[in-house]
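Note sheet for the following structure.
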Amino acid sequence: MSSASSAVSIGIDFGTSNTVVALAADDRRVEAIRFDHGGQRHSVYVSALCFWEDRPGSGAHAEGGPWAIEQFLEGRHIYRFLQSFKTFAASSSFNSTQVFRQRYKFEDILAAFLRTLARHGGDRFGFQAANIVVGRPVRFAGGNPDEALAMQRYRAAFERLGAGHARYVYEPVGAAFSFARRLERDATVLVADFGGGTSDFSVMRFSRAGGRLRAEPLGHAGIGIAGDTFDYRIVDHVVSPRLGKGSSFRSFDKVLPIPNSYYTNLARWHQLAMMKSSGELRELRELSRTALKPAPLQDFITIVDLDLGFSLYRAVSDAKVALSARDQVDFHFNGGGVDIRSTITRNDFEAWIADDIARLGATVDKVLGEAGITAREVEKVFLTGGTSFVPAVRRLFAERFGNERLMSGDQFESIAYGLALIGHSPDPDRWTAAGGVRRGA
């Protein structure tokens, strides 16, 4: 990283599914770091790690982002693939995971991922920059998230790369700063940031004095419902029944249901690969021998055996995205001799996610209550993240605030842009306090 970049502020939006890095110069010009892979330039770096050995005992290599997925799909080596590991940040029950002969704590995983990010980020990006601002959720994923533990792990990982001075700011606050550049007058803004693992909401009051933008945080709230949750609703209603969920097997003189626990592994596609080492794949093989309908279970076994989870979830995600524009889609997955087809209507999908939408609505009510305002007092609503395009989500906000107040931003880059701009704000430490974590805390 060049010395000239010392004047650059770096914003890092480390997400459950994707990570984006933005650079802001003194003149407040901001841009995302681009990663060259497969003949294309990407601003999004997939939040994934692949460890592999060329041969047993030869020593582990690690790659991140699209290079991690490339290694995983090639499958030419002994590998361990990790994705969506951000969901374990606040989990006190997650201590470490085995990668070949070494145990990795969460901070070890995050540090390894950040090293690959820096390696592919080019000369303009480095962790020695004076101003580094890292996004964090309002509420971490998990049933009982330990926020203090999550931030301890974040700081430990960044310190290993020489970024112990990094500031931590709520992700929707970053999105708010990005959006504020478009404001032409004072406004109270609700920012809704829909990620892969969590949805976060902030209410901000923006005003201008002496030509300078001022911002006051009024309230924050978050919930562990987001894009991955909606994907899983499709998996649970379309894919899992086709793979034997709800069917039965014979045990001596009794007919028993196939345990649903196997199908919880379909919540994340990378969890399927773990079934090989956990013994669950062996159990499925045994169940298939006594199943009343063995073919669906055999298809499930094939998907795990051939590591087809990535392709399966890509088909699921494509169907979800298509439902934002069409009233129905023909879902189709074909791989390894497994063929799954189904017509999904938007009405069906909205019925499956109805409870999730209701909980999102309750969280919006919570942030308004914390801010001490009503929906009528919100002048602008800024929606960011891919899930903001789901019609049921947009309808939730339109019904409460009116279509005329809704605005959208870049679904991937908005948060990182705002985080980088915060680094150049007159009092960036103020926003670490707004994020609930003070530097050195």
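Ordering of the structure tokens sets the chain letters (A, B, ...); residue numbers start at 1 within each chain; ligands are numbered from 1 in the order shown.
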Next on the checklist: When you look at stretch 338-345 of chain A with a cut-off of 10 Å (counting only C-alpha atoms), what residues show up, excluding the ones that are within fewer than 2 positions of it in the same chain? I need them as a PyMOL selection string.
Outcome noted: chain A and resi 234+237-239+242-243+296+298-300+302-303+308+312+319-320+323+326-336+347-351
Item to check | Near-A:Pro145 list (8 Å; only C-alpha atoms; drop same-chain fewer than 3 positions) as a list in words | outcome: Ala90, Ser91, Ser92, Arg139, Phe140, Ala141 and Gly142 of chain A
Next on the checklist: Give me, as a VMD selection string, all polymer residues having an atom no more than 10 Å from A:Gly59, counting only C-alpha atoms and skipping those fewer than 6 positions away in the same chain.
Outcome noted: chain A and resid 51 to 53 100 to 101
Next on the checklist: Can you tell me, as an NGL selection string, which residues in stretch 117-303 of chain A count as helix (DSSP H, G or I) by DSSP?
Outcome noted: :A and (117-121 or 147-160 or 171-180 or 227-242 or 260-267 or 271-278 or 280-290 or 294-303)
For the selection just defined, write its residues with C-alpha atoms to a file, as an mmCIF file, in the first residue's frame.
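What follows is the written file result10.cif:
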data_model
loop_
_atom_site.group_PDB
_atom_site.id
_atom_site.type_symbol
_atom_site.label_atom_id
_atom_site.label_comp_id
_atom_site.auth_asym_id
_atom_site.auth_seq_id
_atom_site.Cartn_x
_atom_site.Cartn_y
_atom_site.Cartn_z
ATOM 1 C CA LEU A 117 -9.095 -9.947 0.830
ATOM 2 C CA ALA A 118 -5.941 -7.842 1.203
ATOM 3 C CA ARG A 119 -3.985 -10.078 -1.176
ATOM 4 C CA HIS A 120 -6.502 -9.590 -3.964
ATOM 5 C CA GLY A 121 -7.364 -5.968 -3.131
ATOM 6 C CA GLU A 147 -22.615 -8.954 21.199
ATOM 7 C CA ALA A 148 -19.603 -8.414 23.457
ATOM 8 C CA LEU A 149 -18.122 -11.745 22.380
ATOM 9 C CA ALA A 150 -18.693 -10.956 18.700
ATOM 10 C CA MET A 151 -16.911 -7.603 18.962
ATOM 11 C CA GLN A 152 -14.059 -9.144 20.934
ATOM 12 C CA ARG A 153 -13.602 -11.618 18.078
ATOM 13 C CA TYR A 154 -13.826 -8.900 15.418
ATOM 14 C CA ARG A 155 -11.163 -6.792 17.154
ATOM 15 C CA ALA A 156 -8.850 -9.779 17.650
ATOM 16 C CA ALA A 157 -9.008 -10.625 13.931
ATOM 17 C CA PHE A 158 -8.358 -7.072 12.734
ATOM 18 C CA GLU A 159 -5.560 -6.553 15.271
ATOM 19 C CA ARG A 160 -3.692 -9.501 13.749
ATOM 20 C CA GLU A 171 -24.048 -1.171 9.027
ATOM 21 C CA PRO A 172 -27.281 0.826 8.470
ATOM 22 C CA VAL A 173 -25.484 3.954 9.738
ATOM 23 C CA GLY A 174 -22.979 3.406 6.943
ATOM 24 C CA ALA A 175 -25.829 3.061 4.470
ATOM 25 C CA ALA A 176 -27.364 6.268 5.848
ATOM 26 C CA PHE A 177 -24.161 8.221 5.215
ATOM 27 C CA SER A 178 -24.088 6.938 1.650
ATOM 28 C CA PHE A 179 -27.705 7.959 1.118
ATOM 29 C CA ALA A 180 -27.254 11.379 2.767
ATOM 30 C CA GLY A 227 -32.071 -13.146 2.349
ATOM 31 C CA ASP A 228 -30.830 -16.549 3.520
ATOM 32 C CA THR A 229 -34.055 -16.999 5.503
ATOM 33 C CA PHE A 230 -36.159 -16.453 2.392
ATOM 34 C CA ASP A 231 -34.002 -18.893 0.415
ATOM 35 C CA TYR A 232 -34.544 -21.515 3.084
ATOM 36 C CA ARG A 233 -38.337 -21.123 2.883
ATOM 37 C CA ILE A 234 -38.127 -22.214 -0.766
ATOM 38 C CA VAL A 235 -35.809 -25.084 0.145
ATOM 39 C CA ASP A 236 -38.084 -26.217 2.958
ATOM 40 C CA HIS A 237 -41.273 -26.202 0.856
ATOM 41 C CA VAL A 238 -39.930 -27.264 -2.545
ATOM 42 C CA VAL A 239 -36.597 -29.059 -2.210
ATOM 43 C CA SER A 240 -36.739 -30.896 1.126
ATOM 44 C CA PRO A 241 -40.018 -32.796 0.400
ATOM 45 C CA ARG A 242 -38.520 -33.924 -2.901
ATOM 46 C CA ASN A 260 -36.225 -33.729 10.246
ATOM 47 C CA SER A 261 -32.793 -32.981 11.698
ATOM 48 C CA TYR A 262 -31.139 -34.099 8.457
ATOM 49 C CA TYR A 263 -33.042 -31.428 6.549
ATOM 50 C CA THR A 264 -31.872 -28.588 8.774
ATOM 51 C CA ASN A 265 -28.537 -29.029 6.973
ATOM 52 C CA LEU A 266 -30.262 -27.587 3.916
ATOM 53 C CA ALA A 267 -30.497 -24.192 5.655
ATOM 54 C CA GLN A 271 -23.488 -27.356 5.572
ATOM 55 C CA LEU A 272 -24.293 -30.277 3.298
ATOM 56 C CA ALA A 273 -20.613 -31.022 2.786
ATOM 57 C CA MET A 274 -20.195 -31.311 6.566
ATOM 58 C CA MET A 275 -22.602 -34.257 6.593
ATOM 59 C CA LYS A 276 -19.787 -36.380 5.174
ATOM 60 C CA SER A 277 -17.580 -35.925 8.229
ATOM 61 C CA SER A 278 -20.356 -35.818 10.851
ATOM 62 C CA GLU A 280 -24.993 -38.139 8.968
ATOM 63 C CA LEU A 281 -24.358 -39.240 5.386
ATOM 64 C CA ARG A 282 -23.659 -42.771 6.599
ATOM 65 C CA GLU A 283 -26.884 -42.678 8.621
ATOM 66 C CA LEU A 284 -28.827 -41.537 5.550
ATOM 67 C CA ARG A 285 -27.461 -44.471 3.564
ATOM 68 C CA GLU A 286 -28.681 -46.853 6.273
ATOM 69 C CA LEU A 287 -32.111 -45.182 6.377
ATOM 70 C CA SER A 288 -32.467 -45.444 2.599
ATOM 71 C CA ARG A 289 -32.264 -49.237 2.855
ATOM 72 C CA THR A 290 -35.380 -49.382 5.034
ATOM 73 C CA PRO A 294 -35.953 -44.897 -0.954
ATOM 74 C CA ALA A 295 -35.535 -42.884 -4.187
ATOM 75 C CA PRO A 296 -35.890 -39.401 -2.591
ATOM 76 C CA LEU A 297 -33.360 -40.268 0.108
ATOM 77 C CA GLN A 298 -30.983 -41.607 -2.511
ATOM 78 C CA ASP A 299 -31.246 -38.262 -4.324
ATOM 79 C CA PHE A 300 -30.425 -36.479 -1.062
ATOM 80 C CA ILE A 301 -27.384 -38.732 -0.670
ATOM 81 C CA THR A 302 -26.282 -37.946 -4.237
ATOM 82 C CA ILE A 303 -26.465 -34.181 -3.619
#
Checklist entry - Looking at only C-alpha atoms, which of A:Glu63, A:Asp355, A:Asp13, A:Glu31 is the one that sits closest to A:Ile132? => result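 Answer, going by the shortest atom-to-atom distance: A:Asp13.
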Item to check | Atom-to-atom span, atom CA of A:Ile415 and atom CA of A:Ala62, Å | outcome: 27.0 Å
Contacts of A:Gln411 within 7 Å, only C-alpha atoms, excl. fewer than 4 positions in-chain, as a JSON list (two decimals) with N, CA and C atoms, in the first residue's frame:
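See result-v4.json below for the written result:
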[["chain", "number", "residue", "atom", "x", "y", "z"],
["A", 384, "THR", "N", -31.81, -0.84, 1.24],
["A", 384, "THR", "CA", -30.62, -1.35, 0.58],
["A", 384, "THR", "C", -30.48, -2.85, 0.84],
["A", 385, "GLY", "N", -29.80, -3.55, -0.07],
["A", 385, "GLY", "CA", -29.67, -5.00, 0.02],
["A", 385, "GLY", "C", -30.65, -5.69, -0.92],
["A", 386, "GLY", "N", -30.25, -6.86, -1.42],
["A", 386, "GLY", "CA", -31.05, -7.56, -2.43],
["A", 386, "GLY", "C", -32.46, -7.88, -1.99]]
Item to check | Residues within 6 Å of A:Phe382, only C-alpha atoms, excluding chain neighbours under 5 positions, as a VMD selection string | outcome: chain A and resid 191 407 to 408
Next on the checklist: Taking only stretch 38-249 of chain A into account, list the residues labelled strand (DSSP E or B) by DSSP (computed from the backbone), as a PyMOL selection string.
Outcome noted: chain A and resi 40-42+45-46+48-53+61-64+78-83+97-99+102-104+131-136+167-170+187-194+199-209+212-223+248-249
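For the residues A:Val304, A:Leu110, A:Ala315, A:Ala192, ranking by smallest atom-to-atom distance to A:Thr363 using only C-alpha atoms places A:Ala192 first.
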Checklist entry - Any idea what's packed within 12 Å of A:Arg214, counting only C-alpha atoms, ignoring anything in its chain fewer than 5 positions away? Could you give it as a count of residues only? => result 22
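As for atom CA of A:Ile353 and atom CA of A:Phe94, they are spaced 28.2 Å apart.
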Next on the checklist: Show me, as a PyMOL selection string, the residues that have an atom within 10 Å of A:Ala130 when counting only C-alpha atoms, minus same-chain residues fewer than 4 positions from it.
Outcome noted: chain A and resi 5-10+126+163+165-166+423
Checklist entry - Smallest atom-to-atom distance to A:Ala362: which of A:Ile223, A:Val169, A:Leu406, A:Ala291, using only C-alpha atoms? => result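 With only C-alpha atoms as the atom set, the closest residue is A:Ile223.
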